[in-house]
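Report on the following structure.
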Amino acid sequence: MTVVLEKTVSVAPATQRKIRKVAVLGSGVMGSRIACHFANIGLQVVLLDIVPNALTPAEEAQGLSLSSLKVRNRIANDALQFALKSNPSPIYSKNLASRITVGNFEDNMSWLKECDWIVEAVIERLDIKRSVFERVEQNRKAGTLITSNTSGIPIHLLCEGRSEEFRQHFCGTHFFNPPRYLKLLEIIPTPDTHAEVTRFLMNYGDLYLGKTTVLCKDTPAFIANRIGVASIMTVFHVMEQLDMTFEEVDALTGTIAGRPKSATFRTCDVVGLDTLVKVANGLYENCPNDEARAMFVVPDYVNQMVKNNWLGDKSGQGFFKKVKGDGGKTILTLNRKTMDYEAQQKPKFKCIGDAKPIDNLKDRLRVLHGGSDKGSKFLNTMAYHLFQYVSNRIPEIAEEIYKIDDALRAGFGWELGPFEYWETLGIQKMVSEMEAFGKRPAQWVYDMLAKGYSSFYLSENGQRKVYNPATQSYETISGTESFIILDNYRNTAPIWSNKGATIHNIGDGVLCVEFHTKMNAIGSEILQGIHKAIDIAEQQGWNGVVIGNDAPNFSAGANLAMILMLAIEQEYDELDFAIRAFQQTTMRVRYSGIPVVVAPRGLTLGGGCETTMHANSAVAAAETYIGLVEVGAGVIPAGGGTKEFALRASDAYYAGDIQVPALQNYLMHIATAKVATSAQEALEMGILRKGIDQIVVNDRRLLAEAKQAVLNLAENGYVATAPRTDIQVLGRTALGTFYSGISAMRFGGYASEHDEFIAQKVAYVLCGGDLSQATKVSEQYLLDLEREAFLQCLSTRKTLERIQSILNTGKPLRN
């Protein structure tokens, strides 16, 4: 795409532009949630929508009129309140909602003068969007960014008739729903968009909004929807050819294949079948030269579903339908031949049975595609279509192949983008199979293979490079120089490794300890890896250690299977030794001779949380779901977590706060196994520390930011301190109060007898035991209390039942 630089209009350099206040125009599903995400990152937001033309019965009962402010702002306000109550939440913490001010298009367009960025998210109609932009131009200040969240209207059409200055500051910014969780942000400049504006949006989306920003051409449906919808529409046709059911397709296109759990048709139900049909029809109309245009023809039964208003979740039924019966809710599946809903049939494919035990996705995909049953035939047929389609879209929709991979991973939740998927199965192997099937890829693929290149990507010195068809060479992916991706170090020998952990040299004298057990559960191998990294760093003069990984989850906690086995066999000395080893590890993380930074993301539970709490600094991904959940397994946190809350309550006392309320909050967090739903909430809960720990919105930058935190600590003269001996505990002063409250919970029916038993153990440790008065104690004293309470819990039958339940079902047992 050519970007025209107009010299007659002054455009601020990307590095000098600051965003303090944002306006979002349109408060629908996307607009309200985009507003929430801007609030998530600390901005002031105004959310505007139309004025209602009629009163509701409730407003009439209150004596309100159409001129009442409450009525005039009702549409924007109701949309925001609905968004805030939705699950999953669009906002990191309900407290952040105060940053959003609602208004309307008639009274409050003057507010745009105070805004640095205006995002349009009104209904998908060109005439309405143009009328909104006409009013925006009348009210905005010069230099303000204006962007549209359209998913299908050509961007260049939206700003026709606007001034040159407006057009130079105008761009498409296509967020994906839900904006907080889906990482893709497509940036679509027009020929008039100034290069500095494009550069700014690409950087700001990445650095501040936490997005994978993908620069797109102004082609139909841009990148992600063009490929994603083509893939979904291909499913309709291939499943018909192979006579497959919706259940069979979803079994093959979910997590087993590195796709979202909702697979294909459950995803269609969530998104809405009307939306899918609208995009598919648009692509058919607007892509007359697309070689796969026939795939965008919507099957008759799908059109009938839309006519019947069987649109999915929004209408109560789609490809699937929930019905209530005597035994509770049952999910029925549509039979596309009879158009009746029937009981679900669990699909059975040999390829799935063979692949299921394999943890590594790439190895699993090779097994799925290597079978001879109908499941493998379906997946291979889909792959032939997909690989031909994406190869032919270069350079139509993107000059570089990594943009297509980034878009599908970030926008559709694929673990591997199409070209990464192709490379996993073998490029030459798949080309041969595609030729036999009649689906030859684009010529540039043959040119690449002719040069002796057998991969789309390669790694050199920790940097990922990608093949560029235009230059027929490998090039560093623009913008990734500041990322640390551990997969890029796989072709370099690690510093040290065992079955559960690997130590990498990530540059500048910093080591990284990566976990790779199942769900990164913490056992002896990981503890050994942490000690080894600190040993090497201390003895060989490294700057410090990062504990973190690229996996979706930092750690699901301790190895419960090992704990259960030892408890059943009543190996209490072994259990005591194991708990001591964990405590010694977390204490070494805190008090080693070099700075140790922990970088949590995703699930960070139990022992993962305790490791994080003992870091010299934690650098947490915004999407970190962290908490001390041990009570759900019938025990208390004994890796230093309970001790750490007692220490922090003591520090709050020394800072002038009242100690009992702080202890009470911490007791409730542990006793209810509360998990923070974001790093921001973890900060509010006291799991993360203000002024010490930091939050990173873009998790692709997490390890790089953690490494920088290590370097900052080292450069600022990090000195190891001694374990604390000045922790004030309250003993009986608070213990009696807490015991009474816990008993009241049980008698009120909110807690079982065993819940009461465990909560009392937590309170006992937090209060420092049965001391007659407030006393100063050491960390080791509290660790000993933790360990003793943990072992006492493990000696009970009900705790063993809870652990067994988690291991067997993944769900806690309330007994």
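In the structure tokens, the first chain shown is A, the next is B, and so on; residue numbers restart at 1 for each chain, and ligands run from 1 in the order shown.
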**Asked** Residues of segment 224-431 of chain A in strand (DSSP E or B) according to DSSP, as a list in words?
**Response**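 Here are the strand (DSSP E or B) residues of segment 224-431 of chain A: Gly312, Gln317, Phe320, Lys321, Lys322, Val323, Lys324, Gly325, Gly328, Lys329, Thr330, Ile331, Leu332, Thr333, Leu334, Asn335, Asp340, Tyr341, Glu342 and Ala343 of chain A.
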Write a file of the just-selected residues containing all heavy atoms, as a short mmCIF file (atom, residue, chain, number, x, y, z; two decimals), in the first residue's frame.
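Wrote again_36.cif, looks like this:
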data_model
loop_
_atom_site.label_atom_id
_atom_site.label_comp_id
_atom_site.auth_asym_id
_atom_site.auth_seq_id
_atom_site.Cartn_x
_atom_site.Cartn_y
_atom_site.Cartn_z
N GLY A 312 -27.89 -18.88 17.06
CA GLY A 312 -26.89 -19.24 18.06
C GLY A 312 -27.30 -18.74 19.43
O GLY A 312 -28.49 -18.66 19.75
N GLN A 317 -30.76 -20.80 20.13
CA GLN A 317 -30.45 -22.03 19.43
C GLN A 317 -29.77 -21.71 18.10
O GLN A 317 -30.01 -20.68 17.49
CB GLN A 317 -31.71 -22.86 19.16
CG GLN A 317 -32.74 -22.20 18.23
CD GLN A 317 -34.05 -22.95 18.20
OE1 GLN A 317 -34.93 -22.69 19.00
NE2 GLN A 317 -34.18 -23.88 17.27
N PHE A 320 -26.36 -25.72 17.97
CA PHE A 320 -26.62 -26.44 19.22
C PHE A 320 -27.77 -25.76 19.95
O PHE A 320 -28.03 -24.57 19.76
CB PHE A 320 -25.37 -26.49 20.10
CG PHE A 320 -24.18 -27.12 19.42
CD1 PHE A 320 -23.20 -26.34 18.84
CD2 PHE A 320 -24.05 -28.50 19.35
CE1 PHE A 320 -22.12 -26.90 18.19
CE2 PHE A 320 -22.96 -29.08 18.72
CZ PHE A 320 -21.99 -28.29 18.14
N LYS A 321 -28.43 -26.52 20.80
CA LYS A 321 -29.58 -25.99 21.54
C LYS A 321 -29.61 -26.60 22.94
O LYS A 321 -29.51 -27.82 23.09
CB LYS A 321 -30.87 -26.34 20.80
CG LYS A 321 -32.15 -25.87 21.47
CD LYS A 321 -33.36 -26.31 20.65
CE LYS A 321 -34.67 -25.85 21.28
NZ LYS A 321 -35.83 -26.28 20.46
N LYS A 322 -29.71 -25.74 23.94
CA LYS A 322 -29.82 -26.20 25.32
C LYS A 322 -31.29 -26.38 25.68
O LYS A 322 -32.10 -25.48 25.45
CB LYS A 322 -29.17 -25.22 26.29
CG LYS A 322 -27.65 -25.23 26.28
CD LYS A 322 -27.10 -24.28 27.33
CE LYS A 322 -25.58 -24.26 27.33
NZ LYS A 322 -25.04 -23.28 28.32
N VAL A 323 -31.61 -27.52 26.25
CA VAL A 323 -32.98 -27.76 26.70
C VAL A 323 -32.95 -28.23 28.15
O VAL A 323 -32.02 -28.89 28.58
CB VAL A 323 -33.70 -28.81 25.82
CG1 VAL A 323 -33.89 -28.29 24.41
CG2 VAL A 323 -32.93 -30.12 25.81
N LYS A 324 -33.99 -27.86 28.88
CA LYS A 324 -34.09 -28.26 30.27
C LYS A 324 -34.95 -29.51 30.38
O LYS A 324 -36.01 -29.61 29.77
CB LYS A 324 -34.69 -27.14 31.12
CG LYS A 324 -33.79 -25.92 31.26
CD LYS A 324 -34.43 -24.86 32.15
CE LYS A 324 -33.52 -23.66 32.30
NZ LYS A 324 -34.14 -22.59 33.14
N GLY A 325 -34.47 -30.45 31.17
CA GLY A 325 -35.22 -31.67 31.41
C GLY A 325 -35.16 -32.04 32.87
O GLY A 325 -34.66 -31.27 33.70
N GLY A 328 -31.72 -31.98 34.36
CA GLY A 328 -30.97 -30.74 34.20
C GLY A 328 -30.90 -30.33 32.74
O GLY A 328 -31.73 -30.74 31.91
N LYS A 329 -29.91 -29.53 32.39
CA LYS A 329 -29.77 -29.04 31.03
C LYS A 329 -29.10 -30.08 30.13
O LYS A 329 -28.15 -30.72 30.53
CB LYS A 329 -28.97 -27.73 31.01
CG LYS A 329 -29.72 -26.55 31.60
CD LYS A 329 -28.91 -25.28 31.46
CE LYS A 329 -29.69 -24.09 32.02
NZ LYS A 329 -28.90 -22.82 31.91
N THR A 330 -29.62 -30.19 28.93
CA THR A 330 -29.05 -31.09 27.93
C THR A 330 -28.78 -30.29 26.67
O THR A 330 -29.54 -29.39 26.31
CB THR A 330 -30.02 -32.24 27.59
OG1 THR A 330 -30.34 -32.94 28.80
CG2 THR A 330 -29.41 -33.21 26.60
N ILE A 331 -27.67 -30.61 26.01
CA ILE A 331 -27.33 -29.93 24.76
C ILE A 331 -27.68 -30.84 23.59
O ILE A 331 -27.21 -31.98 23.52
CB ILE A 331 -25.84 -29.54 24.72
CG1 ILE A 331 -25.51 -28.57 25.86
CG2 ILE A 331 -25.49 -28.92 23.36
CD1 ILE A 331 -24.05 -28.19 25.94
N LEU A 332 -28.52 -30.34 22.70
CA LEU A 332 -28.89 -31.07 21.49
C LEU A 332 -28.13 -30.48 20.30
O LEU A 332 -27.71 -29.33 20.33
CB LEU A 332 -30.40 -30.96 21.24
CG LEU A 332 -31.32 -31.44 22.37
CD1 LEU A 332 -32.78 -31.23 21.97
CD2 LEU A 332 -31.06 -32.89 22.73
N THR A 333 -27.99 -31.30 19.25
CA THR A 333 -27.28 -30.87 18.04
C THR A 333 -28.23 -30.91 16.86
O THR A 333 -29.05 -31.83 16.72
CB THR A 333 -26.08 -31.79 17.76
OG1 THR A 333 -25.25 -31.82 18.91
CG2 THR A 333 -25.27 -31.27 16.58
N LEU A 334 -28.10 -29.92 15.99
CA LEU A 334 -28.93 -29.86 14.80
C LEU A 334 -28.50 -30.93 13.80
O LEU A 334 -27.31 -31.11 13.54
CB LEU A 334 -28.82 -28.48 14.16
CG LEU A 334 -29.68 -28.25 12.90
CD1 LEU A 334 -31.15 -28.23 13.26
CD2 LEU A 334 -29.27 -26.95 12.21
N ASN A 335 -29.47 -31.64 13.26
CA ASN A 335 -29.23 -32.55 12.15
C ASN A 335 -29.49 -31.75 10.87
O ASN A 335 -30.61 -31.36 10.59
CB ASN A 335 -30.15 -33.76 12.22
CG ASN A 335 -29.91 -34.77 11.11
OD1 ASN A 335 -29.63 -34.41 9.97
ND2 ASN A 335 -30.02 -36.05 11.45
N ASP A 340 -33.85 -31.12 12.42
CA ASP A 340 -34.35 -31.39 13.77
C ASP A 340 -33.17 -31.44 14.73
O ASP A 340 -32.04 -31.77 14.34
CB ASP A 340 -35.08 -32.73 13.82
CG ASP A 340 -36.37 -32.72 13.02
OD1 ASP A 340 -37.05 -31.68 13.01
OD2 ASP A 340 -36.68 -33.76 12.40
N TYR A 341 -33.45 -31.13 16.00
CA TYR A 341 -32.41 -31.24 17.03
C TYR A 341 -32.43 -32.63 17.64
O TYR A 341 -33.50 -33.17 17.95
CB TYR A 341 -32.61 -30.17 18.11
CG TYR A 341 -32.25 -28.79 17.63
CD1 TYR A 341 -33.21 -27.95 17.08
CD2 TYR A 341 -30.94 -28.32 17.70
CE1 TYR A 341 -32.89 -26.68 16.62
CE2 TYR A 341 -30.60 -27.05 17.25
CZ TYR A 341 -31.57 -26.24 16.71
OH TYR A 341 -31.24 -24.99 16.25
N GLU A 342 -31.26 -33.21 17.80
CA GLU A 342 -31.14 -34.58 18.29
C GLU A 342 -30.13 -34.66 19.42
O GLU A 342 -29.30 -33.77 19.59
CB GLU A 342 -30.70 -35.50 17.14
CG GLU A 342 -31.64 -35.51 15.95
CD GLU A 342 -31.08 -36.29 14.77
OE1 GLU A 342 -29.87 -36.65 14.84
OE2 GLU A 342 -31.81 -36.52 13.79
N ALA A 343 -30.20 -35.75 20.17
CA ALA A 343 -29.22 -35.97 21.25
C ALA A 343 -27.83 -36.06 20.65
O ALA A 343 -27.62 -36.59 19.56
CB ALA A 343 -29.55 -37.26 22.00
#
**Message:** If you run DSSP on the backbone here, which positions in segment 77-212 of chain A get alpha helix (DSSP H)? Please write them as a PyMOL selection string.
**Reply:** chain A and resi 77-85+126-139+155-158+164-168+195-207
Write out as a JSON list (two decimals) with C-alpha atoms, in the first residue's frame which residues come within 8 Å of segment 739-741 of chain A when counting only C-alpha atoms, dropping same-chain ones fewer than 4 positions away.
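Result saved to selection.json:
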[["chain", "number", "residue", "atom", "x", "y", "z"],
["A", 735, "LEU", "CA", -7.38, -15.18, 66.84],
["A", 745, "MET", "CA", -19.85, -18.86, 58.56],
["A", 760, "GLN", "CA", -8.92, -21.95, 61.50],
["A", 763, "ALA", "CA", -6.09, -17.86, 60.92]]
**Prompt:** Any idea what's packed within 9 Å of Ser376 of chain A, counting only C-alpha atoms, ignoring anything in its chain fewer than 3 positions away? Could you give it as a list in words?
**Reply:**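 The filter keeps Leu252, Phe349, Lys350, Cys351, Ile352, Val367, Leu368, His369, Gly370, Gly371, Ser372, Asp373, Leu379, Asn380 and Thr381 of chain A.
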**Long-range neighbours of Leu80 of chain A as a ChimeraX atom specification, 8 Å cut-off, only C-alpha atoms, 5 positions minimum in chain** = /A:27,32-33
Can you write out the residues you just picked, keeping all heavy atoms, as a PDB file, in the first residue's frame?
ATOM      1  N   SER A  27     -22.044   2.787  21.561  1.00  0.00           N
ATOM      2  CA  SER A  27     -21.863   2.045  22.823  1.00  0.00           C
ATOM      3  C   SER A  27     -22.367   0.612  22.732  1.00  0.00           C
ATOM      4  O   SER A  27     -22.691   0.010  23.748  1.00  0.00           O
ATOM      5  CB  SER A  27     -22.616   2.762  23.955  1.00  0.00           C
ATOM      6  OG  SER A  27     -24.018   2.744  23.710  1.00  0.00           O
ATOM      7  N   SER A  32     -18.789  -0.297  23.808  1.00  0.00           N
ATOM      8  CA  SER A  32     -18.720  -0.271  25.277  1.00  0.00           C
ATOM      9  C   SER A  32     -17.491  -1.013  25.781  1.00  0.00           C
ATOM     10  O   SER A  32     -16.852  -0.609  26.757  1.00  0.00           O
ATOM     11  CB  SER A  32     -19.989  -0.874  25.876  1.00  0.00           C
ATOM     12  OG  SER A  32     -20.177  -2.206  25.418  1.00  0.00           O
ATOM     13  N   ARG A  33     -17.134  -2.097  25.098  1.00  0.00           N
ATOM     14  CA  ARG A  33     -15.995  -2.901  25.549  1.00  0.00           C
ATOM     15  C   ARG A  33     -14.659  -2.290  25.125  1.00  0.00           C
ATOM     16  O   ARG A  33     -13.656  -2.435  25.830  1.00  0.00           O
ATOM     17  CB  ARG A  33     -16.146  -4.339  25.050  1.00  0.00           C
ATOM     18  CG  ARG A  33     -17.233  -5.085  25.847  1.00  0.00           C
ATOM     19  CD  ARG A  33     -17.832  -6.250  25.085  1.00  0.00           C
ATOM     20  NE  ARG A  33     -18.810  -6.964  25.914  1.00  0.00           N
ATOM     21  CZ  ARG A  33     -20.051  -6.560  26.127  1.00  0.00           C
ATOM     22  NH1 ARG A  33     -20.479  -5.436  25.575  1.00  0.00           N
ATOM     23  NH2 ARG A  33     -20.877  -7.254  26.898  1.00  0.00           N
TER      24      ARG A  33
END
Residues of segment 295-328 of chain A at most 12 Å from segment 235-242 of chain A: nearest atom pair and distance in Å, only C-alpha atoms, as CSV:
residue,atom,partner,partner_atom,distance
A:Met295,CA,A:His237,CA,7.1
A:Phe296,CA,A:His237,CA,9.6
A:Val297,CA,A:His237,CA,9.4
A:Val298,CA,A:Phe236,CA,8.4
A:Pro299,CA,A:Phe236,CA,7.4
A:Asp300,CA,A:Phe236,CA,10.8
A:Tyr301,CA,A:Phe236,CA,10.4
A:Val302,CA,A:Phe236,CA,9.3
Go ahead and write the selection's residues with N, CA and C atoms as a PDB file, in the first residue's frame.
ATOM      1  N   MET A 295     -16.550 -21.063  -2.294  1.00  0.00           N
ATOM      2  CA  MET A 295     -16.622 -21.488  -0.895  1.00  0.00           C
ATOM      3  C   MET A 295     -17.430 -20.507  -0.047  1.00  0.00           C
ATOM      4  N   PHE A 296     -17.565 -19.263  -0.511  1.00  0.00           N
ATOM      5  CA  PHE A 296     -18.304 -18.268   0.265  1.00  0.00           C
ATOM      6  C   PHE A 296     -19.816 -18.352   0.031  1.00  0.00           C
ATOM      7  N   VAL A 297     -20.244 -19.258  -0.832  1.00  0.00           N
ATOM      8  CA  VAL A 297     -21.681 -19.462  -1.037  1.00  0.00           C
ATOM      9  C   VAL A 297     -22.247 -20.163   0.193  1.00  0.00           C
ATOM     10  N   VAL A 298     -23.213 -19.528   0.824  1.00  0.00           N
ATOM     11  CA  VAL A 298     -23.785 -20.059   2.067  1.00  0.00           C
ATOM     12  C   VAL A 298     -24.703 -21.239   1.751  1.00  0.00           C
ATOM     13  N   PRO A 299     -24.511 -22.380   2.420  1.00  0.00           N
ATOM     14  CA  PRO A 299     -25.378 -23.544   2.174  1.00  0.00           C
ATOM     15  C   PRO A 299     -26.847 -23.224   2.446  1.00  0.00           C
ATOM     16  N   ASP A 300     -27.743 -23.913   1.751  1.00  0.00           N
ATOM     17  CA  ASP A 300     -29.181 -23.646   1.894  1.00  0.00           C
ATOM     18  C   ASP A 300     -29.657 -23.823   3.333  1.00  0.00           C
ATOM     19  N   TYR A 301     -29.158 -24.862   4.000  1.00  0.00           N
ATOM     20  CA  TYR A 301     -29.656 -25.102   5.359  1.00  0.00           C
ATOM     21  C   TYR A 301     -29.216 -23.998   6.317  1.00  0.00           C
ATOM     22  N   VAL A 302     -28.068 -23.372   6.040  1.00  0.00           N
ATOM     23  CA  VAL A 302     -27.616 -22.256   6.883  1.00  0.00           C
ATOM     24  C   VAL A 302     -28.504 -21.039   6.644  1.00  0.00           C
TER      25      VAL A 302
END
**Prompt:** In terms of the shortest atom-to-atom distance over only C-alpha atoms, which of A:Arg259, A:Arg724, A:Lys211, A:Arg364 is closest to Gly228 of chain A?
**Reply:**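 Comparing A:Arg259, A:Arg724, A:Lys211, A:Arg364 against Gly228 of chain A, the winner is A:Arg259.
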List the neighbours of Gly717 of chain A out to 12 Å using only C-alpha atoms; skip same-chain residues closer than 5 positions along the sequence, and give me the result as a PDB file with all heavy atoms, in the first residue's frame.
ATOM      1  N   ASN A 543      23.981 -10.989  36.070  1.00  0.00           N
ATOM      2  CA  ASN A 543      23.251  -9.860  36.648  1.00  0.00           C
ATOM      3  C   ASN A 543      22.022 -10.290  37.436  1.00  0.00           C
ATOM      4  O   ASN A 543      21.604  -9.590  38.362  1.00  0.00           O
ATOM      5  CB  ASN A 543      22.817  -8.888  35.542  1.00  0.00           C
ATOM      6  CG  ASN A 543      23.959  -8.033  35.056  1.00  0.00           C
ATOM      7  OD1 ASN A 543      24.770  -7.559  35.851  1.00  0.00           O
ATOM      8  ND2 ASN A 543      24.048  -7.839  33.741  1.00  0.00           N
ATOM      9  N   GLY A 593      21.690 -13.631  46.371  1.00  0.00           N
ATOM     10  CA  GLY A 593      22.700 -12.587  46.188  1.00  0.00           C
ATOM     11  C   GLY A 593      22.546 -11.806  44.903  1.00  0.00           C
ATOM     12  O   GLY A 593      23.298 -10.843  44.670  1.00  0.00           O
ATOM     13  N   ILE A 594      21.622 -12.201  44.050  1.00  0.00           N
ATOM     14  CA  ILE A 594      21.348 -11.479  42.801  1.00  0.00           C
ATOM     15  C   ILE A 594      19.845 -11.243  42.688  1.00  0.00           C
ATOM     16  O   ILE A 594      19.050 -11.949  43.315  1.00  0.00           O
ATOM     17  CB  ILE A 594      21.847 -12.294  41.570  1.00  0.00           C
ATOM     18  CG1 ILE A 594      21.468 -13.784  41.697  1.00  0.00           C
ATOM     19  CG2 ILE A 594      23.347 -12.156  41.412  1.00  0.00           C
ATOM     20  CD1 ILE A 594      20.157 -14.147  41.144  1.00  0.00           C
ATOM     21  N   PRO A 595      19.420 -10.226  41.929  1.00  0.00           N
ATOM     22  CA  PRO A 595      17.976  -9.967  41.816  1.00  0.00           C
ATOM     23  C   PRO A 595      17.260 -11.089  41.060  1.00  0.00           C
ATOM     24  O   PRO A 595      17.751 -11.575  40.036  1.00  0.00           O
ATOM     25  CB  PRO A 595      17.891  -8.644  41.055  1.00  0.00           C
ATOM     26  CG  PRO A 595      19.212  -8.480  40.390  1.00  0.00           C
ATOM     27  CD  PRO A 595      20.215  -9.189  41.243  1.00  0.00           C
ATOM     28  N   VAL A 710      15.281  -6.911  36.023  1.00  0.00           N
ATOM     29  CA  VAL A 710      16.501  -7.472  36.622  1.00  0.00           C
ATOM     30  C   VAL A 710      17.660  -6.498  36.455  1.00  0.00           C
ATOM     31  O   VAL A 710      18.405  -6.204  37.402  1.00  0.00           O
ATOM     32  CB  VAL A 710      16.849  -8.835  35.985  1.00  0.00           C
ATOM     33  CG1 VAL A 710      18.269  -9.255  36.357  1.00  0.00           C
ATOM     34  CG2 VAL A 710      15.863  -9.900  36.424  1.00  0.00           C
ATOM     35  N   LEU A 711      17.830  -5.985  35.229  1.00  0.00           N
ATOM     36  CA  LEU A 711      18.942  -5.067  34.951  1.00  0.00           C
ATOM     37  C   LEU A 711      18.811  -3.786  35.758  1.00  0.00           C
ATOM     38  O   LEU A 711      19.806  -3.250  36.262  1.00  0.00           O
ATOM     39  CB  LEU A 711      18.993  -4.763  33.452  1.00  0.00           C
ATOM     40  CG  LEU A 711      19.328  -5.955  32.538  1.00  0.00           C
ATOM     41  CD1 LEU A 711      19.220  -5.562  31.072  1.00  0.00           C
ATOM     42  CD2 LEU A 711      20.714  -6.498  32.845  1.00  0.00           C
ATOM     43  N   ASN A 712      17.576  -3.282  35.897  1.00  0.00           N
ATOM     44  CA  ASN A 712      17.369  -2.071  36.701  1.00  0.00           C
ATOM     45  C   ASN A 712      17.763  -2.307  38.150  1.00  0.00           C
ATOM     46  O   ASN A 712      18.417  -1.451  38.777  1.00  0.00           O
ATOM     47  CB  ASN A 712      15.913  -1.626  36.619  1.00  0.00           C
ATOM     48  CG  ASN A 712      15.533  -1.115  35.241  1.00  0.00           C
ATOM     49  OD1 ASN A 712      16.397  -0.796  34.423  1.00  0.00           O
ATOM     50  ND2 ASN A 712      14.241  -1.030  34.973  1.00  0.00           N
TER      51      ASN A 712
END
**Message:** When you count only C-alpha atoms, which of these residues is closest to Phe412 of chain A: A:Ile503, A:Ile579, A:Val277, A:Leu185?
**Reply:**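 Under the stated criterion, the closest residue is A:Leu185.
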**Message:** Set the distance at 10 Å and use only C-alpha atoms: which residues neighbour Gly205 of chain A once local chain neighbours fewer than 2 positions away are removed? I'd like the list as a list in words.
**Reply:**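 Selected residues are Thr173, Lys183, Leu184, Leu185, Glu186, Ile187, Phe200, Leu201, Met202, Asn203, Leu207, Tyr208, Leu209, Gly210, Lys211, Thr212, Thr213, Val214 and Asn698 of chain A.
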Mind dumping a table of every segment 351-462 of chain A residue within 12 Å of segment 488-501 of chain A, with the nearest atom pair and its distance in Å to one decimal, using only C-alpha atoms, sorted by chain and rising number, as CSV?
residue,atom,partner,partner_atom,distance
A:Tyr457,CA,A:Asn488,CA,10.3
A:Leu458,CA,A:Asn488,CA,8.2
A:Ser459,CA,A:Asn488,CA,5.4
A:Glu460,CA,A:Asn488,CA,7.4
A:Asn461,CA,A:Tyr489,CA,7.2
A:Gly462,CA,A:Asn488,CA,4.8
Please produce a file of the residues just selected, as a PDB file, in the first residue's frame, where the atoms kept are N, CA and C atoms.
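Okay, selection37.pdb is ready:
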ATOM      1  N   TYR A 457       9.932 -20.014   8.539  1.00  0.00           N
ATOM      2  CA  TYR A 457      10.551 -19.270   9.636  1.00  0.00           C
ATOM      3  C   TYR A 457      11.869 -19.938  10.027  1.00  0.00           C
ATOM      4  N   LEU A 458      12.780 -19.140  10.579  1.00  0.00           N
ATOM      5  CA  LEU A 458      13.970 -19.697  11.213  1.00  0.00           C
ATOM      6  C   LEU A 458      14.399 -18.745  12.330  1.00  0.00           C
ATOM      7  N   SER A 459      15.192 -19.284  13.264  1.00  0.00           N
ATOM      8  CA  SER A 459      15.651 -18.500  14.417  1.00  0.00           C
ATOM      9  C   SER A 459      17.157 -18.369  14.370  1.00  0.00           C
ATOM     10  N   GLU A 460      17.638 -17.151  14.625  1.00  0.00           N
ATOM     11  CA  GLU A 460      19.068 -16.884  14.699  1.00  0.00           C
ATOM     12  C   GLU A 460      19.332 -15.963  15.882  1.00  0.00           C
ATOM     13  N   ASN A 461      20.187 -16.412  16.808  1.00  0.00           N
ATOM     14  CA  ASN A 461      20.591 -15.597  17.959  1.00  0.00           C
ATOM     15  C   ASN A 461      19.396 -15.040  18.730  1.00  0.00           C
ATOM     16  N   GLY A 462      18.397 -15.894  18.915  1.00  0.00           N
ATOM     17  CA  GLY A 462      17.230 -15.492  19.697  1.00  0.00           C
ATOM     18  C   GLY A 462      16.231 -14.638  18.949  1.00  0.00           C
TER      19      GLY A 462
END
Using only C-alpha atoms, tabulate the residues of segment 525-606 of chain A lying at most 12 Å from any atom of segment 795-810 of chain A, each with its closest atom pair and that distance in Å to one decimal, by chain and increasing residue number, as CSV.
residue,atom,partner,partner_atom,distance
A:Ala556,CA,A:Gly810,CA,11.4
A:Ala558,CA,A:Ile803,CA,11.5
A:Asn559,CA,A:Leu807,CA,10.1
A:Leu560,CA,A:Ile803,CA,6.9
A:Ala561,CA,A:Leu807,CA,7.1
A:Met562,CA,A:Ile803,CA,10.6
A:Ile563,CA,A:Ile803,CA,8.8
A:Leu564,CA,A:Leu800,CA,6.7
A:Met565,CA,A:Leu800,CA,9.7
A:Leu566,CA,A:Leu800,CA,10.7
A:Ala567,CA,A:Ser795,CA,7.2
A:Ile568,CA,A:Leu800,CA,7.7
A:Glu569,CA,A:Ser795,CA,10.7
A:Gln570,CA,A:Ser795,CA,7.9
A:Glu571,CA,A:Ser795,CA,10.4
A:Tyr572,CA,A:Ser795,CA,8.8
A:Leu575,CA,A:Ser795,CA,11.0
